[in-house]
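Participant: Provided herewith is a single structure, encoded as structure tokens, for subsequent inquiry.
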Amino acid sequence: MSSFYDVIVIGGGPSGMQAAIEAKKEGAKVLILECNDSLGGILNQCIHNGFGLRQFKEELTGPEFAYKQYSEVKKLKIPSVFGAYVTKIEGEKITALVRGKEKEYFSKAIVLATGARERTAGEIKLAGDRGAGIYTAGTAQKMINYYGKLSGKRVVILGSGDIGLIMARRMTLEGAKVLKILEIMPSSSGLRRNIRQCVEDFEIPLEFSHTVTRVVGRERVKGVYYAEVDENLKPKLETEKFLECDCLLLSVGLIPENTLLSEVEKNIKKQIIVNEFRQTSIKNLFISGNSLHIHDLADNASEEGAIAGRSAALFARGALEELGEEYEISFSSAISYTVPQRVSGCGSFKIFFRAKQNFLRKKIVVRCEGEEIASKFCVGITSGEMQEIEVESGKVKGPLTVSIE
Amino acid sequence: MKTICIMCPVGCSLNVYEKNGEVIVEGNSCPRGEAYGKTEFVNPSRVVTTTKRSGAFSYSLKTDKPVPKTMIFKVMEKIKKTPLKELDVGDVFIKNILKTGANIIVTGKLTI
Ligand SMILES: Cc1cc2nc3c(=O)[nH]c(=O)nc-3n(C[C@H](O)[C@H](O)[C@H](O)COP(=O)(O)OP(=O)(O)OC[C@H]3O[C@@H](n4cnc5c(N)ncnc54)[C@H](O)[C@@H]3O)c2cc1C
Ligand code: SF4
């Protein structure tokens with residue numbers, strides 16, 4: 001097999017697989033480099049249902065979603081290299097460690113779809129001992145769902161993101177006792193359906209505005225101290241209590257895995273800047289899925305992969321050269337970020353964004369130099385959920401602003 | 001009864017009550033929500049998903065339809081106790097588990 005391709009996709013999760021599928025449909029010669037031994041990414045361990053309503057119009061579990069995409073990858077005869085851990089990208093050259101050996105691949109266009117990693121105990125400056133029994137929720141999920149190993153019997157979960165909620169139910173079903181879920185914020189960033197079916201169904205106590213102040217147990221976790229926090233999220237030490245447990249799971253957020261891209265342009269929030277084609281400041285490099293921004297739905301990560309894959313294939317055959325001028329997208333203070341952050345406006349496109357708080361009965365408005373070019377009425381906008389608005393072709397003549405009114 | 005629809009990520013707040021012998025669902029944004037509200041009122045049910053190791057494989061499993069909430073732990077127990085020989089994705093592992101009308105099917109198979 002020659003090592004020259006039109007499009008190489010790094011990462012074979014839902015976003016990478018869809019990118020490969022679309023690039024292939026555009027006629028490109030495609031390869032997937034995946035560090036694990038199978039395609040599917042994080043979906044392989046997300047055995048619960050709730051995926052696919054958008055893309056496949058039916059409710060699927062993570063593995064079923066991955067299997068559907070995988071079947072298409074197979075049908076289109078797209079090759080993958082497994083156990084290929086990409087360590088460097090320079091221009092058209094990709095260096096990967098394949099089962100211990102360094103190998104080089106060349107591609108006209110590259111799609112990065114390496115997903116996200118979980119924030120760790122160190123990153124949230126968790127105080128106290130570091131005995132065995134402290135895991136990120138995703139690690140605990142992998143332990144039980146791949147290897148059948150339960151990470152503890154008496155469990156405290158810090159953070160009420162979806163992974164934590166899903167794991168609260170999973171551990172309970174496997175016979176562990178989930179003593180408490182502690183959330184530092186006054187509300188959960190997890191989906192309401194997960195609060196209902198993972199927490200309330202099993203009467204697991206979920207305490208808002210609470211956090212772990214200290215972990216006890218040098219060799220094995222013996223318990224945690226926890227306390228209520230004030231408006232500035234500082235623990236009120238007079239409320240501190242001790243809870244005996246043998247396991248602490250952290251569900252405190254995901255961080256895009258984009259360390260491979262040290263050279264590309266990022267904004268002050270360290271987000272990678274892309275245009276509507278998911279093209280970065282390095283023109284042959286495209287990015288999608290959780291490695292660009294965190295998607296709560298695999299369907300969305302996959303949809304973004306489709307955009308990146310198609311664009312990469314166009315780029316590879318020289319059809320994405322003349323984009324013309326690109327304009328910035330700015331946003332009102334109620335919004336925390338948008339993707340893309342820049343547009344050329346060559347065709348129609350969607351702007352994805354997250355709101356900082358929840359809103360009821362509001363309008364999302366996109367303006368170009370003061371003139372309204374797209375708007376959409378929403379009954380409810382929640383901060384936990386990604387929002388989107390479509391802008392028609394030919395409307396972009398200058399910088400854009402997005403606002404919630 | 002106030003509850004939350006779990007049929008899609010939107011998570012509509014539902015109000016379900018009985019009027020003249022009929023179950024009324026309010027707050028849903030689509031028909032799936034109405035159907036969910038009704039069953040939730042009469043016989044709350046959930047899809048159960050779990051995994052099971054066998055040989056070199058880790059299988060992920062699910063009930064192909066929701067089972068009564070009261071049966072969840074019994075279903076888990078039954079899955080644990082039933083030996084699993086080699087199966088493929090989509091195969092039925094346990095038919096009509098504990099007479100719930102739901103089959104346990106294989107959703108994924110990983111080599112460990
Ligand atoms: C616990 C959990 C629960 C979730 N629940 C739901 C849900 O109920 N419904 C829903 O729709 N969505 C859910 N999601 C979200 C959804 O799974 C993700 O948004 C989606 O999987 C992201 O896809 P991705 O392709 O960007 O990344 P991933 O799935 O993470 O795939 C990235 C791939 O890249 C590979 N990779 C990484 N680095 C390298 C490298 N250097 N070289 C080679 N390969 C590399 C990885 O091995 C992996 O296969 C959940 C996510 C998690 C973590
Ligand atoms: S009522 Fe419909 S839209 Fe609302 S959560 Fe249920 S399935 Fe989703």
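The chains in the structure tokens are called A, B, ... from first to last as shown; in each chain the residues are counted from 1, and the ligands are counted from 1 in the order shown.
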Could you please tell me, as a ChimeraX atom specification, which residues of chain A have an atom within 9 Å of chain B when using only C-alpha atoms?
Facilitator: /A:37-38,44-45,47-51,53,59-64,66-67,144-148,170,173-174,191-194,196-197,201,297,385
Participant: So that I have them on file, write out the residues from the current selection with N, CA and C atoms, as an mmCIF file, in the first residue's frame.
Facilitator:
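Saved to result34.cif:
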```
data_model
loop_
_atom_site.group_PDB
_atom_site.id
_atom_site.type_symbol
_atom_site.label_atom_id
_atom_site.label_comp_id
_atom_site.auth_asym_id
_atom_site.auth_seq_id
_atom_site.Cartn_x
_atom_site.Cartn_y
_atom_site.Cartn_z
ATOM 1 N N ASP A 37 -7.602 -0.392 18.431
ATOM 2 C CA ASP A 37 -7.665 -1.546 17.544
ATOM 3 C C ASP A 37 -8.982 -1.661 16.798
ATOM 4 N N SER A 38 -9.855 -0.675 16.967
ATOM 5 C CA SER A 38 -11.105 -0.710 16.213
ATOM 6 C C SER A 38 -11.595 0.711 15.991
ATOM 7 N N ASN A 44 -17.646 3.201 21.539
ATOM 8 C CA ASN A 44 -17.530 1.799 21.928
ATOM 9 C C ASN A 44 -17.775 1.586 23.416
ATOM 10 N N GLN A 45 -17.489 2.602 24.220
ATOM 11 C CA GLN A 45 -17.711 2.441 25.655
ATOM 12 C C GLN A 45 -19.018 3.073 26.117
ATOM 13 N N ILE A 47 -22.243 2.453 26.036
ATOM 14 C CA ILE A 47 -23.156 1.362 25.681
ATOM 15 C C ILE A 47 -24.629 1.710 25.907
ATOM 16 N N HIS A 48 -24.878 2.875 26.503
ATOM 17 C CA HIS A 48 -26.264 3.279 26.762
ATOM 18 C C HIS A 48 -26.935 3.748 25.480
ATOM 19 N N ASN A 49 -28.256 3.880 25.512
ATOM 20 C CA ASN A 49 -28.959 4.349 24.322
ATOM 21 C C ASN A 49 -29.099 5.873 24.352
ATOM 22 N N GLY A 50 -29.558 6.433 23.271
ATOM 23 C CA GLY A 50 -29.720 7.887 23.207
ATOM 24 C C GLY A 50 -28.949 8.521 22.061
ATOM 25 N N PHE A 51 -28.376 7.691 21.223
ATOM 26 C CA PHE A 51 -27.636 8.213 20.085
ATOM 27 C C PHE A 51 -28.455 8.046 18.807
ATOM 28 N N LEU A 53 -30.687 9.745 16.947
ATOM 29 C CA LEU A 53 -32.011 10.235 16.547
ATOM 30 C C LEU A 53 -31.912 11.212 15.393
ATOM 31 N N GLU A 59 -33.429 5.513 17.772
ATOM 32 C CA GLU A 59 -32.631 5.562 18.993
ATOM 33 C C GLU A 59 -31.681 4.381 19.046
ATOM 34 N N LEU A 60 -30.388 4.694 19.127
ATOM 35 C CA LEU A 60 -29.364 3.658 19.100
ATOM 36 C C LEU A 60 -28.465 3.773 20.330
ATOM 37 N N THR A 61 -27.767 2.672 20.642
ATOM 38 C CA THR A 61 -26.712 2.757 21.652
ATOM 39 C C THR A 61 -25.444 3.223 20.920
ATOM 40 N N GLY A 62 -24.426 3.618 21.695
ATOM 41 C CA GLY A 62 -23.176 4.075 21.085
ATOM 42 C C GLY A 62 -22.586 3.059 20.119
ATOM 43 N N PRO A 63 -22.424 1.777 20.565
ATOM 44 C CA PRO A 63 -21.840 0.784 19.660
ATOM 45 C C PRO A 63 -22.660 0.572 18.386
ATOM 46 N N GLU A 64 -23.987 0.668 18.481
ATOM 47 C CA GLU A 64 -24.819 0.497 17.283
ATOM 48 C C GLU A 64 -24.617 1.651 16.305
ATOM 49 N N ALA A 66 -21.875 3.410 16.047
ATOM 50 C CA ALA A 66 -20.557 3.198 15.452
ATOM 51 C C ALA A 66 -20.623 2.106 14.385
ATOM 52 N N TYR A 67 -21.406 1.058 14.650
ATOM 53 C CA TYR A 67 -21.493 -0.073 13.738
ATOM 54 C C TYR A 67 -22.099 0.349 12.399
ATOM 55 N N ILE A 144 -15.398 -0.824 33.325
ATOM 56 C CA ILE A 144 -16.540 -1.714 33.491
ATOM 57 C C ILE A 144 -17.033 -2.239 32.137
ATOM 58 N N ASN A 145 -17.097 -1.370 31.134
ATOM 59 C CA ASN A 145 -17.710 -1.787 29.876
ATOM 60 C C ASN A 145 -16.785 -2.599 28.968
ATOM 61 N N TYR A 146 -15.482 -2.454 29.111
ATOM 62 C CA TYR A 146 -14.560 -3.281 28.332
ATOM 63 C C TYR A 146 -14.131 -4.502 29.137
ATOM 64 N N TYR A 147 -13.735 -4.255 30.372
ATOM 65 C CA TYR A 147 -13.056 -5.314 31.119
ATOM 66 C C TYR A 147 -13.916 -5.926 32.223
ATOM 67 N N GLY A 148 -15.127 -5.401 32.420
ATOM 68 C CA GLY A 148 -15.992 -5.933 33.463
ATOM 69 C C GLY A 148 -15.482 -5.677 34.865
ATOM 70 N N ARG A 170 -24.828 3.310 35.763
ATOM 71 C CA ARG A 170 -24.096 2.093 35.396
ATOM 72 C C ARG A 170 -23.536 1.392 36.628
ATOM 73 N N LEU A 173 -26.347 -0.206 38.639
ATOM 74 C CA LEU A 173 -26.813 -1.448 38.024
ATOM 75 C C LEU A 173 -25.851 -2.594 38.292
ATOM 76 N N GLU A 174 -24.573 -2.275 38.413
ATOM 77 C CA GLU A 174 -23.569 -3.321 38.657
ATOM 78 C C GLU A 174 -23.418 -3.630 40.145
ATOM 79 N N LEU A 191 -27.719 16.550 30.554
ATOM 80 C CA LEU A 191 -29.045 16.586 29.953
ATOM 81 C C LEU A 191 -30.109 16.254 30.989
ATOM 82 N N ARG A 192 -31.272 16.904 30.842
ATOM 83 C CA ARG A 192 -32.366 16.660 31.784
ATOM 84 C C ARG A 192 -32.808 15.196 31.780
ATOM 85 N N ARG A 193 -32.786 14.599 30.610
ATOM 86 C CA ARG A 193 -33.195 13.189 30.525
ATOM 87 C C ARG A 193 -32.269 12.308 31.364
ATOM 88 N N ASN A 194 -30.988 12.690 31.437
ATOM 89 C CA ASN A 194 -30.051 11.884 32.216
ATOM 90 C C ASN A 194 -30.233 12.090 33.713
ATOM 91 N N ARG A 196 -33.121 12.595 34.997
ATOM 92 C CA ARG A 196 -34.325 11.808 35.259
ATOM 93 C C ARG A 196 -34.001 10.307 35.313
ATOM 94 N N GLN A 197 -33.393 9.782 34.251
ATOM 95 C CA GLN A 197 -33.287 8.321 34.126
ATOM 96 C C GLN A 197 -32.056 7.730 34.803
ATOM 97 N N ASP A 201 -34.314 8.060 38.928
ATOM 98 C CA ASP A 201 -34.816 6.683 38.856
ATOM 99 C C ASP A 201 -34.252 5.822 39.986
ATOM 100 N N LEU A 297 -23.631 15.482 21.410
ATOM 101 C CA LEU A 297 -24.256 14.427 20.631
ATOM 102 C C LEU A 297 -23.295 13.906 19.575
ATOM 103 N N GLU A 385 -26.723 22.741 25.955
ATOM 104 C CA GLU A 385 -26.957 22.196 24.622
ATOM 105 C C GLU A 385 -26.414 23.092 23.531
#
```
Participant: How would you write, as a PyMOL selection string, the set of residues in chain B that DSSP gives as alpha helix (DSSP H)?
Facilitator: chain B and resi 31-42+72-81
Participant: Quick one: pull the distance between CA of Ser403 (chain A) and CA of Asn275 (chain A), Å, one decimal.
Facilitator: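 Going from CA of Ser403 (chain A) over to CA of Asn275 (chain A) covers 19.0 Å.
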Participant: Considering only C-alpha atoms and all ligand atoms, can you say which of A:Leu250, A:Leu233, A:Ala298, A:Val30 comes closest to ligand 1?
Facilitator: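 Checking each candidate against ligand 1, we get A:Ala298 as the closest.
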Participant: Rank B:Leu14, B:Val75, B:Val42, B:Cys30 by their smallest atom-to-atom distance to Ile94 (chain B), using only C-alpha atoms, and report the top residue only.
Facilitator: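 For Ile94 (chain B), the nearest of the given residues is B:Val75.
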Participant: Lys99 (chain B): which residues within 12 Å, counting only C-alpha atoms, same-chain residues fewer than 2 positions away excluded, as a JSON list (two decimals) with N, CA and C atoms, in the first residue's frame?
Facilitator:
```
[["chain", "number", "residue", "atom", "x", "y", "z"],
["B", 67, "VAL", "N", -38.30, -2.26, 29.52],
["B", 67, "VAL", "CA", -38.88, -3.23, 30.45],
["B", 67, "VAL", "C", -39.36, -2.46, 31.68],
["B", 68, "PRO", "N", -40.35, -2.99, 32.42],
["B", 68, "PRO", "CA", -40.84, -2.28, 33.61],
["B", 68, "PRO", "C", -39.69, -1.94, 34.56],
["B", 71, "MET", "N", -38.38, -4.30, 37.06],
["B", 71, "MET", "CA", -37.70, -5.51, 36.58],
["B", 71, "MET", "C", -36.21, -5.28, 36.26],
["B", 74, "LYS", "N", -33.66, -7.38, 38.14],
["B", 74, "LYS", "CA", -33.85, -8.80, 37.85],
["B", 74, "LYS", "C", -33.32, -9.13, 36.46],
["B", 75, "VAL", "N", -33.53, -8.21, 35.53],
["B", 75, "VAL", "CA", -33.01, -8.41, 34.17],
["B", 75, "VAL", "C", -31.47, -8.46, 34.21],
["B", 78, "LYS", "N", -30.35, -11.82, 35.57],
["B", 78, "LYS", "CA", -30.57, -12.89, 34.59],
["B", 78, "LYS", "C", -29.46, -12.87, 33.51],
["B", 94, "ILE", "N", -30.85, -13.37, 24.76],
["B", 94, "ILE", "CA", -31.91, -14.00, 25.55],
["B", 94, "ILE", "C", -33.26, -13.56, 24.99],
["B", 95, "LYS", "N", -34.08, -14.55, 24.65],
["B", 95, "LYS", "CA", -35.39, -14.25, 24.08],
["B", 95, "LYS", "C", -36.39, -13.99, 25.20],
["B", 96, "ASN", "N", -37.25, -13.02, 25.02],
["B", 96, "ASN", "CA", -38.34, -12.72, 25.95],
["B", 96, "ASN", "C", -37.90, -12.84, 27.41],
["B", 97, "ILE", "N", -36.95, -12.03, 27.78],
["B", 97, "ILE", "CA", -36.32, -12.15, 29.10],
["B", 97, "ILE", "C", -37.33, -11.96, 30.24],
["B", 101, "GLY", "N", -41.37, -9.67, 27.40],
["B", 101, "GLY", "CA", -41.64, -9.38, 25.99],
["B", 101, "GLY", "C", -40.44, -8.76, 25.29],
["B", 102, "ALA", "N", -39.39, -8.44, 26.07],
["B", 102, "ALA", "CA", -38.19, -7.84, 25.47],
["B", 102, "ALA", "C", -37.12, -8.90, 25.27],
["B", 103, "ASN", "N", -36.39, -8.77, 24.16],
["B", 103, "ASN", "CA", -35.24, -9.65, 23.93],
["B", 103, "ASN", "C", -33.96, -8.91, 24.29],
["B", 104, "ILE", "N", -32.96, -9.67, 24.72],
["B", 104, "ILE", "CA", -31.64, -9.06, 24.93],
["B", 104, "ILE", "C", -30.86, -9.25, 23.64]]
```
Participant: To one decimal in Å, tell me the separation between CA of Ser336 (chain A) and CA of Glu304 (chain A).
Facilitator: 19.2 Å
Participant: Which is closer to ligand 2 than all the others in A:Ser311, A:Glu58, A:Pro256, A:Asp6, using only C-alpha atoms and all ligand atoms?
Facilitator: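 Selected residue with least distance to ligand 2: A:Glu58.
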Participant: Once DSSP has gone over the backbone, tell me which residues of chain B are in strand (DSSP E or B), as an NGL selection string.
Facilitator: :B and (2-4 or 13-19 or 22-26 or 45-46 or 49-54 or 57-63 or 67-68 or 92-94 or 104-111)
Participant: Please provide the set of residues having any atom within 6 Å of Ala355 (chain A), restricted to only C-alpha atoms, with same-chain residues fewer than 6 positions apart removed, written as a list in words.
Facilitator: Ala334, Ile335, Ser336 and Ser383 of chain A
Participant: Skip region 284-290 of chain A itself and residues of its chain fewer than 4 positions away, then list as a PyMOL selection string all residues within 6 Å of it, counting only C-alpha atoms.
Facilitator: chain A and resi 15+109-113+115-116+256+278-280+294-295+301+304-305+308
